[in-house]
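Peer 1: A single structure is presented below for examination.
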Amino acid sequence: MIDVSNLHVTLGDKQILKNINFHVAPGEFIGLIGPNGSGKTTLLKTIAQLITAKEGKIKIAGKDQKAYSHKEMARHLSYVPQDTHIDFNFNVKEVVSMGRHAHREFLQSNKADEEIIKEMMLATNTWRFRDDSILNLSGGQRQLVFIAKALAQDAPLILLDEPVSALDIYYQMHILKLLQALTSQGKTVVTVLHDLNLASRFSEKLLLLQNGEVRTFGHSNEVLTEKRLKETYHIDAKIRRDELIDALNVTPL
Ligand SMILES: Nc1ncnc2c1ncn2[C@@H]1O[C@H](COP(=O)(O)OP(=O)(O)OP(=O)(O)O)[C@@H](O)[C@H]1O
């Protein structure tokens, strides 16, 4: 579903991503992890064509990213940004409806659009806010609306940047389980997660970025070793047998 080869990304005069190579198969759930500033958002935005790479190639569903039109790309890939601020006074259902633009010729929603909009709003528990202004929602409620919008887009690849960062523990579990269920229906999910326990619990594979490079990519028990947590996050951690992590001590950077 995603093939990234020899990817280099520069922002301003700073090289942010260096020689990134990885492959994601259809139906996988990938947790994108790494310390603050390691390049996770830059990588997601580059895959979503919001940032242009300096060098390298990205293929989506076997086709060079650059060969897609904007609308065609939106039918292949949806993206949930880290920042869900919006300045316009749309109601919640109008925001979710924007996810359907790639599927229609005219602005008017058809019956199929309306069905999937409602289905995804019910699935994310945002249907109850449908007539409220997006400006009047809390940060967590807004995050749920942006997830609903991306799911209504019904693309086979879903990229999410810290989609549960503003959610309480119930909605963290609810959204990650929902994404997991979508992968069992064939969707591919790549999501930035800071909580390593959630990342290891829900992801089939973890991609660990450090200083703009792929440090490791594999199953969570290969990626999240005590040695690597020390080297990457500067924590003395104990991986319990149930694979939950106890952060015991933090060493000064
Ligand atoms: N527009 C920009 N111009 C220059 N440098 C940038 C720009 N945007 C991000 N950076 C730098 O790129 C690096 C990677 O940023 P990025 O947001 O991709 O990291 P991240 O892993 O997502 O971080 P976080 O976990 O804090 O969200 C950081 O050092 C950041 O300062």
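Following the order of the structure tokens, first chain is A, next is B, and so on, with residues numbered from 1 inside each chain and ligands from 1 in the order they appear.
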Could you pull out the residues sitting within 12 Å of ligand 1, using only C-alpha atoms and all ligand atoms, and write them as an NGL selection string?
Peer 2: :A and (9-18 or 32-46 or 50-52 or 81-83 or 160-163 or 165 or 191-195 or 207-214 or 233)
Peer 1: I need the chosen residues saved as a compact mmCIF listing (two decimals), in the first residue's frame, with C-alpha atoms.
Peer 2:
```txt
# COMPACT_ATOMS: atom_id res chain seq x y z
CA VAL A 9 13.03 15.82 3.16
CA THR A 10 14.40 19.28 3.81
CA LEU A 11 12.44 22.12 5.43
CA GLY A 12 14.06 25.53 5.16
CA ASP A 13 17.74 24.71 5.24
CA LYS A 14 17.33 21.81 7.66
CA GLN A 15 17.33 18.19 6.60
CA ILE A 16 14.45 16.62 8.52
CA LEU A 17 14.14 13.12 7.05
CA LYS A 18 17.16 11.13 5.94
CA LEU A 32 4.57 5.60 14.00
CA ILE A 33 6.56 6.40 17.13
CA GLY A 34 9.59 8.42 18.11
CA PRO A 35 10.64 11.29 20.35
CA ASN A 36 9.39 14.87 19.86
CA GLY A 37 10.92 16.39 16.77
CA SER A 38 12.03 13.04 15.30
CA GLY A 39 10.10 13.65 12.06
CA LYS A 40 6.80 11.75 12.46
CA THR A 41 4.54 14.59 11.30
CA THR A 42 6.91 15.44 8.45
CA LEU A 43 6.83 11.83 7.27
CA LEU A 44 3.01 11.62 7.37
CA LYS A 45 2.67 14.98 5.59
CA THR A 46 5.13 13.90 2.92
CA LEU A 50 1.41 18.15 1.92
CA ILE A 51 5.22 18.38 1.89
CA THR A 52 7.34 17.78 -1.20
CA PRO A 81 -3.90 16.33 11.19
CA GLN A 82 -2.41 16.87 14.61
CA ASP A 83 -3.92 20.35 14.75
CA LEU A 160 -3.46 9.90 11.48
CA ASP A 161 -1.24 12.26 13.45
CA GLU A 162 -1.73 11.69 17.18
CA PRO A 163 -5.47 11.09 16.73
CA SER A 165 -3.93 12.95 22.00
CA THR A 191 -0.91 6.46 12.99
CA VAL A 192 1.41 8.53 15.13
CA LEU A 193 1.04 7.53 18.76
CA HIS A 194 3.02 8.87 21.71
CA ASP A 195 1.66 6.36 24.20
CA LEU A 207 8.06 2.26 12.90
CA LEU A 208 10.46 4.06 15.23
CA LEU A 209 11.92 7.35 13.99
CA GLN A 210 14.88 8.98 15.65
CA ASN A 211 16.56 12.16 14.40
CA GLY A 212 14.81 11.87 11.06
CA GLU A 213 15.90 8.29 10.40
CA VAL A 214 14.14 4.95 10.72
CA TYR A 233 13.83 8.04 24.85
```
Peer 1: Which polymer residues have any atom within 7 Å of an atom of Asn91 in chain A, counting only C-alpha atoms, with same-chain residues fewer than 5 positions away left out, as an MDAnalysis selection string?
Peer 2: chainID A and resid 130:134
Peer 1: If you run DSSP on the backbone here, which positions in range 121-220 of chain A get strand (DSSP E or B)? Please write them as a list in words.
Peer 2: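 Taking range 121-220 of chain A and keeping strand (DSSP E or B) only, one gets Ser133, Leu157, Ile158, Leu159, Leu160, Asp161, Thr188, Val189, Val190, Thr191, Val192, Lys205, Leu206, Leu207, Leu208, Leu209, Gln210, Glu213, Val214, Arg215, Thr216, Phe217 and Gly218 of chain A.
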Peer 1: I need the residues from that last selection saved to file as a PDB file, in the first residue's frame (with C-alpha atoms), if you can.
Peer 2:
```
ATOM      1  CA  SER A 133     -20.819  24.781  15.337  1.00  0.00           C
ATOM      2  CA  LEU A 157      -5.197   4.271   3.417  1.00  0.00           C
ATOM      3  CA  ILE A 158      -5.778   6.307   6.596  1.00  0.00           C
ATOM      4  CA  LEU A 159      -2.960   8.446   8.013  1.00  0.00           C
ATOM      5  CA  LEU A 160      -3.458   9.901  11.483  1.00  0.00           C
ATOM      6  CA  ASP A 161      -1.236  12.262  13.449  1.00  0.00           C
ATOM      7  CA  THR A 188      -4.459   0.334   6.016  1.00  0.00           C
ATOM      8  CA  VAL A 189      -3.767   2.532   9.036  1.00  0.00           C
ATOM      9  CA  VAL A 190      -0.599   4.479   9.795  1.00  0.00           C
ATOM     10  CA  THR A 191      -0.911   6.462  12.986  1.00  0.00           C
ATOM     11  CA  VAL A 192       1.410   8.535  15.127  1.00  0.00           C
ATOM     12  CA  LYS A 205       4.155  -3.153  13.493  1.00  0.00           C
ATOM     13  CA  LEU A 206       5.916  -0.114  14.895  1.00  0.00           C
ATOM     14  CA  LEU A 207       8.062   2.265  12.899  1.00  0.00           C
ATOM     15  CA  LEU A 208      10.457   4.059  15.231  1.00  0.00           C
ATOM     16  CA  LEU A 209      11.919   7.346  13.990  1.00  0.00           C
ATOM     17  CA  GLN A 210      14.881   8.975  15.647  1.00  0.00           C
ATOM     18  CA  GLU A 213      15.898   8.289  10.400  1.00  0.00           C
ATOM     19  CA  VAL A 214      14.145   4.954  10.717  1.00  0.00           C
ATOM     20  CA  ARG A 215      15.679   3.437  13.802  1.00  0.00           C
ATOM     21  CA  THR A 216      13.720   0.163  13.550  1.00  0.00           C
ATOM     22  CA  PHE A 217      10.597  -1.156  11.891  1.00  0.00           C
ATOM     23  CA  GLY A 218       9.044  -4.386  13.071  1.00  0.00           C
TER      24      GLY A 218
END
```
Peer 1: Neighbours of Leu144 in chain A within 7 Å (only C-alpha atoms; same-chain residues fewer than 4 positions away dropped), as a PyMOL selection string?
Peer 2: chain A and resi 124+126+140+148
Peer 1: What's the 9 Å shell around Glu226 in chain A, counting only C-alpha atoms, without same-chain residues fewer than 5 positions away, as a compact mmCIF listing (two decimals) with N, CA and C atoms, in the first residue's frame?
Peer 2:
```txt
# COMPACT_ATOMS: atom_id res chain seq x y z
N GLU A 231 18.09 4.11 24.73
CA GLU A 231 18.85 4.84 23.70
C GLU A 231 18.02 5.93 23.02
N ILE A 235 15.02 6.70 28.80
CA ILE A 235 14.33 6.25 30.03
C ILE A 235 14.82 4.85 30.39
N ASP A 236 14.88 4.62 31.70
CA ASP A 236 15.10 3.25 32.16
C ASP A 236 13.72 2.65 32.28
N ALA A 237 13.40 1.72 31.42
CA ALA A 237 12.05 1.16 31.41
C ALA A 237 12.11 -0.33 31.60
N LYS A 238 11.06 -0.86 32.13
CA LYS A 238 10.98 -2.31 32.27
C LYS A 238 9.81 -2.77 31.42
N ILE A 239 10.07 -3.69 30.51
CA ILE A 239 8.98 -4.24 29.69
C ILE A 239 8.41 -5.42 30.47
```
Peer 1: For Arg104 in chain A, which residue out of A:Glu72, A:Glu28, A:Asp3, A:Glu119 is the nearest one, using only C-alpha atoms?
Peer 2: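 Using only C-alpha atoms, the shortest distance to Arg104 in chain A belongs to A:Glu72.
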Peer 1: Leaving out Ser200 in chain A and any residue of its chain fewer than 3 positions from it, which residues lie within 9 Å of it when counting only C-alpha atoms, given as a list of chain:residue names?
Peer 2: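 In the requested form, the answer reads A:Gly31, A:Asp195, A:Leu196, A:Asn197, A:Ser203, A:Glu204, A:Lys205, A:Leu206, A:His219, A:Ser220, A:Asn221, A:Leu224, A:Glu243, A:Leu244.
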Peer 1: Once you have the residues from the selection above, write them out as a compact mmCIF listing (two decimals), in the first residue's frame, restricted to N, CA and C atoms.
Peer 2:
```txt
# COMPACT_ATOMS: atom_id res chain seq x y z
N GLY A 31 2.04 1.66 13.82
CA GLY A 31 2.21 2.73 14.80
C GLY A 31 3.50 3.47 14.49
N ASP A 195 1.78 7.33 23.11
CA ASP A 195 1.66 6.36 24.20
C ASP A 195 2.14 4.99 23.69
N LEU A 196 3.30 4.59 24.19
CA LEU A 196 3.91 3.36 23.66
C LEU A 196 3.12 2.12 24.06
N ASN A 197 2.41 2.21 25.19
CA ASN A 197 1.58 1.06 25.56
C ASN A 197 0.43 0.88 24.58
N SER A 203 -0.90 -1.81 17.41
CA SER A 203 -0.22 -1.84 16.10
C SER A 203 0.29 -3.24 15.79
N GLU A 204 0.20 -3.60 14.52
CA GLU A 204 0.83 -4.85 14.09
C GLU A 204 2.34 -4.68 14.03
N LYS A 205 2.74 -3.47 13.57
CA LYS A 205 4.15 -3.15 13.49
C LYS A 205 4.36 -1.72 13.97
N LEU A 206 5.56 -1.47 14.48
CA LEU A 206 5.92 -0.11 14.90
C LEU A 206 7.07 0.38 14.04
N HIS A 219 7.83 -5.80 14.59
CA HIS A 219 6.82 -6.09 15.60
C HIS A 219 7.22 -5.43 16.93
N SER A 220 6.21 -5.12 17.74
CA SER A 220 6.49 -4.28 18.90
C SER A 220 7.52 -4.90 19.84
N ASN A 221 7.50 -6.23 19.99
CA ASN A 221 8.49 -6.83 20.91
C ASN A 221 9.92 -6.74 20.37
N LEU A 224 10.33 -2.36 20.79
CA LEU A 224 10.33 -1.79 22.13
C LEU A 224 11.12 -2.66 23.10
N GLU A 243 3.71 -6.94 28.31
CA GLU A 243 4.19 -5.96 27.34
C GLU A 243 3.80 -4.53 27.67
N LEU A 244 3.26 -4.30 28.89
CA LEU A 244 3.07 -2.91 29.29
C LEU A 244 4.40 -2.40 29.81
```
Peer 1: I need the residue nearest Glu114 in chain A from this list: A:Val92, A:Ala152, A:Leu77, A:Ala166. Use only C-alpha atoms for the distance.
Peer 2: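 Selected residue with least distance to Glu114 in chain A: A:Ala152.
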Peer 1: When DSSP is applied to the backbone of this structure, which of range 81-179 of chain A are assigned alpha helix (DSSP H)? Write them out as a PDB file with C-alpha atoms, in the first residue's frame.
Peer 2:
```
ATOM      1  CA  VAL A  92     -20.125  19.466  12.628  1.00  0.00           C
ATOM      2  CA  LYS A  93     -21.957  17.578   9.889  1.00  0.00           C
ATOM      3  CA  GLU A  94     -20.709  20.041   7.270  1.00  0.00           C
ATOM      4  CA  VAL A  95     -17.127  19.407   8.414  1.00  0.00           C
ATOM      5  CA  VAL A  96     -17.565  15.625   8.168  1.00  0.00           C
ATOM      6  CA  SER A  97     -19.244  16.055   4.749  1.00  0.00           C
ATOM      7  CA  LYS A 111     -27.772   9.259  -0.664  1.00  0.00           C
ATOM      8  CA  ALA A 112     -24.582   7.163  -0.462  1.00  0.00           C
ATOM      9  CA  ASP A 113     -22.655  10.193   0.871  1.00  0.00           C
ATOM     10  CA  GLU A 114     -25.319  10.805   3.508  1.00  0.00           C
ATOM     11  CA  GLU A 115     -25.243   7.153   4.591  1.00  0.00           C
ATOM     12  CA  ILE A 116     -21.495   6.957   5.130  1.00  0.00           C
ATOM     13  CA  ILE A 117     -21.415  10.389   6.816  1.00  0.00           C
ATOM     14  CA  LYS A 118     -24.028   9.234   9.316  1.00  0.00           C
ATOM     15  CA  GLU A 119     -22.384   5.824   9.760  1.00  0.00           C
ATOM     16  CA  MET A 120     -18.986   7.339  10.597  1.00  0.00           C
ATOM     17  CA  MET A 121     -20.507  10.018  12.813  1.00  0.00           C
ATOM     18  CA  LEU A 122     -22.357   7.340  14.762  1.00  0.00           C
ATOM     19  CA  ALA A 123     -19.191   5.208  14.938  1.00  0.00           C
ATOM     20  CA  GLY A 139     -10.524  19.842  21.700  1.00  0.00           C
ATOM     21  CA  GLY A 140     -11.327  16.148  22.162  1.00  0.00           C
ATOM     22  CA  GLN A 141     -14.755  16.490  20.515  1.00  0.00           C
ATOM     23  CA  ARG A 142     -13.101  18.287  17.561  1.00  0.00           C
ATOM     24  CA  GLN A 143     -10.575  15.472  17.260  1.00  0.00           C
ATOM     25  CA  LEU A 144     -13.445  12.953  17.002  1.00  0.00           C
ATOM     26  CA  VAL A 145     -15.036  15.081  14.254  1.00  0.00           C
ATOM     27  CA  PHE A 146     -11.812  15.125  12.220  1.00  0.00           C
ATOM     28  CA  ILE A 147     -11.544  11.345  12.589  1.00  0.00           C
ATOM     29  CA  ALA A 148     -15.164  11.009  11.403  1.00  0.00           C
ATOM     30  CA  LYS A 149     -14.353  13.226   8.396  1.00  0.00           C
ATOM     31  CA  ALA A 150     -11.336  11.079   7.455  1.00  0.00           C
ATOM     32  CA  LEU A 151     -13.347   7.863   7.825  1.00  0.00           C
ATOM     33  CA  ALA A 152     -16.220   9.292   5.754  1.00  0.00           C
ATOM     34  CA  ILE A 169      -9.249   6.921  28.070  1.00  0.00           C
ATOM     35  CA  TYR A 170     -12.650   5.690  26.867  1.00  0.00           C
ATOM     36  CA  TYR A 171     -12.364   7.388  23.474  1.00  0.00           C
ATOM     37  CA  GLN A 172      -8.691   6.431  23.101  1.00  0.00           C
ATOM     38  CA  MET A 173      -9.704   2.793  23.300  1.00  0.00           C
ATOM     39  CA  HIS A 174     -12.852   3.313  21.261  1.00  0.00           C
ATOM     40  CA  ILE A 175     -11.048   5.019  18.348  1.00  0.00           C
ATOM     41  CA  LEU A 176      -8.091   2.624  18.294  1.00  0.00           C
ATOM     42  CA  LYS A 177     -10.471  -0.351  18.325  1.00  0.00           C
ATOM     43  CA  LEU A 178     -12.470   1.254  15.516  1.00  0.00           C
ATOM     44  CA  LEU A 179      -9.303   1.718  13.442  1.00  0.00           C
TER      45      LEU A 179
END
```
Peer 1: Figure out the distance between CA of Gln180 in chain A and CA of Asn6 in chain A, please, to one decimal in Å.
Peer 2: 29.1 Å
Peer 1: What is the distance between CA of Ala102 in chain A and CA of Val80 in chain A, in Å to one decimal?
Peer 2: 15.5 Å
Peer 1: Report, in Å with one decimal, the straight-line distance from CA of Gln153 in chain A to CA of Ala74 in chain A.
Peer 2: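 For CA of Gln153 in chain A relative to CA of Ala74 in chain A, the distance reads 7.6 Å.
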Peer 1: So which one's closest to Phe202 in chain A, A:Lys71, A:Lys227, A:Met1, A:Phe29? Using only C-alpha atoms, please.
Peer 2: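 Closest to Phe202 in chain A of all the choices is A:Phe29.
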